[in-house]
Amino acid sequence: MKRRTLVLGGAAIAASSVIAAAIWPRHVVAAARTFDWKGTDFLSGGTKSVALEKLPAPLFRTRPNCVVTIAQTLGPCHVNDVPPRQDISEGEAGLPLRLALRIVHAADCRPVENADIEIWHTDHRGIYSGREAAKMCTLGDAEAISGLAFRGRQLTDKAGQASFLTAYPGWYSGRTPHVHCRILVDGKELLVSQVYFDDVLSDIIYGEHPDYRGRPRRDTRNDDDGLIPQDATDHIFDFEKLDGGVLSATITIGLSS
């Protein structure tokens with residue numbers, strides 16, 4: 001079986017020498033943050049040439065930090081009536097990204113089956129979609145307003161997992177790159193939060209990938225963001241570069257109840 005490497009996101013993890021050499025099942029090596037990648041290693045132009053079902057199964061940490069994910073604001077960019085779907089890109093440009101989330105009970109790490117998880121984030125330009133979203137989110141862009149790109153929802157499987165096919169989000173002024181998530185179980189909202197990206201990886205993509213290269217340098221990093229948790233280690237995706245130029249990101253989200 002091919003050996004696969006999961007790169008752990010987050011500066012706090014990168015500073016740890018305990019995790020760097022850990023060997024995981026299924027011939028997976030978990031590495032501290034060493035992104036030996038170039039932005040040009042990845043596909044461009046969105047998800048049009050990517051079939052989610054043909055990608056290898058997402059890798060999660062065998063021993064996740066089963067802690068309660070911190071709740072954060074819903075924000076002005078949320079909209080209602082988001083469709084259930086896996087590919088949420090609506091043909092928009094960007095680096096193809098498979099987002100896989102695992103929902104667990106924080107107390108004992110039991111997976112949460114049939115959790116309704118909704119995600120939303122910006123396009124490669126840092127613009128949200130949706131007619132209901134505030135103007136500060138869509139910037140009045142007619143194409144963004146008319147669609148629901150980079151929004152979707154799914155039910156988790158028996159392992160508490162759900163995967164989305166999307167594109168790496170772009171930055172916008174005042175915020176570090178992030179993905180919003182909202183989780184309901186049996187119709188009850190249990191968590192609204194945000195998940196973040198490693199600054200080193202974002203620098204590589206924004207500086208080198210053709211779909212992001214033309215924008216100005218971003219003005220906010222993780223350390224400067226006013227909304228990211230102070231200890232954001234458990235709120236930053238882990239990453240794997242898949243064959244064919246797709247980026248895979250995974251995270252475990254812990255519910256308090």
# chains A, B, ... in the order shown; residues from 1 in each chain; ligands from 1

$ closest_atom_pairs --of "range 125-197 of chain A" --to "range 60-80 of chain A" --cutoff "6 Å" --atoms "only C-alpha atoms" --output "tab-separated table"
residue	atom	partner	partner_atom	distance
A:Glu132	CA	A:Val79	CA	5.5
A:Ala133	CA	A:Cys77	CA	4.6
A:Ala134	CA	A:Pro76	CA	5.7
A:Cys137	CA	A:Cys77	CA	5.6
A:Val192	CA	A:Ala71	CA	5.5
A:Ser193	CA	A:Gln72	CA	4.5

$ write_last_selection --atoms "all heavy atoms" --output "JSON list (two decimals), in the first residue's frame"
[["chain", "number", "residue", "atom", "x", "y", "z"],
["A", 132, "GLU", "N", -29.04, 36.50, -0.05],
["A", 132, "GLU", "CA", -29.35, 36.92, 1.32],
["A", 132, "GLU", "C", -28.14, 37.44, 2.08],
["A", 132, "GLU", "O", -28.29, 38.07, 3.13],
["A", 132, "GLU", "CB", -29.93, 35.74, 2.10],
["A", 132, "GLU", "CG", -31.25, 35.20, 1.59],
["A", 132, "GLU", "CD", -31.65, 33.97, 2.37],
["A", 132, "GLU", "OE1", -31.66, 34.03, 3.61],
["A", 132, "GLU", "OE2", -31.95, 32.94, 1.74],
["A", 133, "ALA", "N", -26.94, 37.15, 1.59],
["A", 133, "ALA", "CA", -25.74, 37.58, 2.29],
["A", 133, "ALA", "C", -25.62, 39.11, 2.26],
["A", 133, "ALA", "O", -26.06, 39.77, 1.31],
["A", 133, "ALA", "CB", -24.50, 36.95, 1.65],
["A", 134, "ALA", "N", -25.03, 39.67, 3.30],
["A", 134, "ALA", "CA", -24.86, 41.12, 3.39],
["A", 134, "ALA", "C", -23.97, 41.62, 2.24],
["A", 134, "ALA", "O", -23.12, 40.89, 1.72],
["A", 134, "ALA", "CB", -24.24, 41.49, 4.74],
["A", 137, "CYS", "N", -20.37, 41.07, 2.18],
["A", 137, "CYS", "CA", -19.92, 39.71, 1.88],
["A", 137, "CYS", "C", -19.81, 39.47, 0.38],
["A", 137, "CYS", "O", -18.85, 38.84, -0.09],
["A", 137, "CYS", "CB", -20.89, 38.69, 2.47],
["A", 137, "CYS", "SG", -21.19, 38.88, 4.25],
["A", 192, "VAL", "N", -22.01, 26.35, 15.89],
["A", 192, "VAL", "CA", -21.62, 27.21, 14.77],
["A", 192, "VAL", "C", -20.18, 27.60, 15.04],
["A", 192, "VAL", "O", -19.85, 28.09, 16.12],
["A", 192, "VAL", "CB", -22.51, 28.47, 14.68],
["A", 192, "VAL", "CG1", -21.97, 29.40, 13.59],
["A", 192, "VAL", "CG2", -23.95, 28.09, 14.39],
["A", 193, "SER", "N", -19.30, 27.36, 14.07],
["A", 193, "SER", "CA", -17.89, 27.64, 14.31],
["A", 193, "SER", "C", -17.18, 27.95, 13.00],
["A", 193, "SER", "O", -17.82, 28.09, 11.94],
["A", 193, "SER", "CB", -17.23, 26.45, 15.02],
["A", 193, "SER", "OG", -15.93, 26.80, 15.51]]

$ residues_around --residues "Gly46 in chain A" --least-positions-apart "6" --cutoff "9 Å" --atoms "only C-alpha atoms" --output "list in words"
Ser89, Gly91, Glu92, Ala93, Gly94, Leu95, Pro96, Leu97, Thr166, Ala167 and Asp211 of chain A

$ select_by_dssp --residues "range 8-246 of chain A" --states "strand (DSSP E)" --output "PyMOL selection string"
chain A and resi 23-24+28-31+96-105+116-120+151-155+161-167+178-185+188-196+238-242+246

$ residues_around --residues "Asp234 in chain A" --least-positions-apart "2" --cutoff "12 Å" --atoms "only C-alpha atoms" --output "PyMOL selection string"
chain A and resi 8-13+61+64-70+193-198+228-232+236-238+250-254

$ closest_residue --among "A:Glu143, A:Asp123, A:Asp116, A:Glu240" --to "Ala31 in chain A" --atoms "only C-alpha atoms"
A:Glu240

$ closest_residue --among "A:Ile127, A:Leu155, A:Leu227, A:Val112" --to "Gly140 in chain A" --atoms "only C-alpha atoms"
A:Ile127

$ select_by_dssp --residues "range 3-232 of chain A" --states "alpha helix (DSSP H)" --output "ChimeraX atom specification"
/A:11-14,135-138,142-146,199-208

$ write_last_selection --atoms "C-alpha atoms" --output "short mmCIF file (atom, residue, chain, number, x, y, z; two decimals), in the first residue's frame"
data_model
loop_
_atom_site.label_atom_id
_atom_site.label_comp_id
_atom_site.auth_asym_id
_atom_site.auth_seq_id
_atom_site.Cartn_x
_atom_site.Cartn_y
_atom_site.Cartn_z
CA ALA A 11 2.06 26.57 14.52
CA ALA A 12 1.66 25.02 17.95
CA ILE A 13 1.80 21.53 16.47
CA ALA A 14 4.74 22.41 14.27
CA LYS A 135 -23.38 43.44 0.76
CA MET A 136 -20.09 43.44 2.67
CA CYS A 137 -19.92 39.71 1.88
CA THR A 138 -20.78 39.75 -1.83
CA ALA A 142 -23.75 40.18 -9.61
CA GLU A 143 -22.42 36.69 -10.34
CA ALA A 144 -21.81 35.97 -6.67
CA ILE A 145 -25.23 37.26 -5.64
CA SER A 146 -27.06 35.13 -8.19
CA ASP A 199 -0.48 30.49 7.25
CA VAL A 200 2.53 28.81 5.65
CA LEU A 201 0.30 26.90 3.24
CA SER A 202 -1.79 29.98 2.45
CA ASP A 203 1.40 31.92 1.66
CA ILE A 204 2.43 29.21 -0.83
CA ILE A 205 -0.95 29.13 -2.55
CA TYR A 206 -1.60 32.87 -2.65
CA GLY A 207 1.94 33.56 -3.83
CA GLU A 208 2.32 30.87 -6.49
#

$ closest_residue --among "A:Thr220, A:Ser49, A:Ser173, A:Gln161" --to "Arg125 in chain A" --atoms "only C-alpha atoms"
A:Ser173

$ residues_around --residues "Leu99 in chain A" --least-positions-apart "3" --cutoff "7 Å" --atoms "only C-alpha atoms" --output "short mmCIF file (atom, residue, chain, number, x, y, z; two decimals) with all heavy atoms, in the first residue's frame"
data_model
loop_
_atom_site.label_atom_id
_atom_site.label_comp_id
_atom_site.auth_asym_id
_atom_site.auth_seq_id
_atom_site.Cartn_x
_atom_site.Cartn_y
_atom_site.Cartn_z
N SER A 163 -17.65 14.61 3.38
CA SER A 163 -16.64 15.20 2.51
C SER A 163 -17.29 16.14 1.50
O SER A 163 -18.34 15.83 0.94
CB SER A 163 -15.86 14.12 1.76
OG SER A 163 -15.05 13.37 2.63
N PHE A 164 -16.62 17.27 1.26
CA PHE A 164 -17.07 18.24 0.27
C PHE A 164 -15.94 18.47 -0.73
O PHE A 164 -14.76 18.45 -0.37
CB PHE A 164 -17.40 19.58 0.93
CG PHE A 164 -18.54 19.54 1.91
CD1 PHE A 164 -18.32 19.21 3.24
CD2 PHE A 164 -19.84 19.83 1.50
CE1 PHE A 164 -19.37 19.17 4.14
CE2 PHE A 164 -20.89 19.80 2.40
CZ PHE A 164 -20.66 19.47 3.73
N LEU A 165 -16.31 18.71 -1.98
CA LEU A 165 -15.35 19.10 -3.00
C LEU A 165 -15.54 20.58 -3.28
O LEU A 165 -16.66 21.03 -3.58
CB LEU A 165 -15.56 18.29 -4.28
CG LEU A 165 -14.51 18.45 -5.38
CD1 LEU A 165 -13.13 18.04 -4.87
CD2 LEU A 165 -14.89 17.63 -6.60
N SER A 248 -6.13 17.83 -0.02
CA SER A 248 -7.12 17.28 0.91
C SER A 248 -6.90 17.88 2.29
O SER A 248 -5.77 17.98 2.76
CB SER A 248 -6.98 15.75 0.98
OG SER A 248 -7.92 15.20 1.89
N ALA A 249 -7.98 18.32 2.92
CA ALA A 249 -7.92 18.90 4.26
C ALA A 249 -8.90 18.17 5.17
O ALA A 249 -10.04 17.91 4.77
CB ALA A 249 -8.25 20.39 4.21
N THR A 250 -8.46 17.81 6.36
CA THR A 250 -9.32 17.09 7.30
C THR A 250 -9.26 17.73 8.68
O THR A 250 -8.26 18.34 9.05
CB THR A 250 -8.90 15.60 7.44
OG1 THR A 250 -7.52 15.54 7.88
CG2 THR A 250 -9.04 14.88 6.11
#

$ residues_around --residues "Ala115 in chain A" --least-positions-apart "6" --cutoff "6 Å" --atoms "only C-alpha atoms" --output "list in words"
Leu155, Thr156, Leu184 and Val185 of chain A

$ residues_around --residues "Ala149 in chain A" --least-positions-apart "5" --cutoff "7 Å" --atoms "only C-alpha atoms" --output "number ranges by chain"
A: 88-90, 129

$ closest_residue --among "A:Ala159, A:Leu101, A:Leu6, A:Ala51" --to "Asn114 in chain A" --atoms "only C-alpha atoms"
A:Ala159

$ atom_distance --atom1 "CA of Tyr128 in chain A" --atom2 "CA of Gly226 in chain A"
19.5 Å

$ closest_residue --among "A:His235, A:Gly170, A:Leu59, A:Leu191" --to "Arg3 in chain A" --atoms "only C-alpha atoms"
A:Leu59
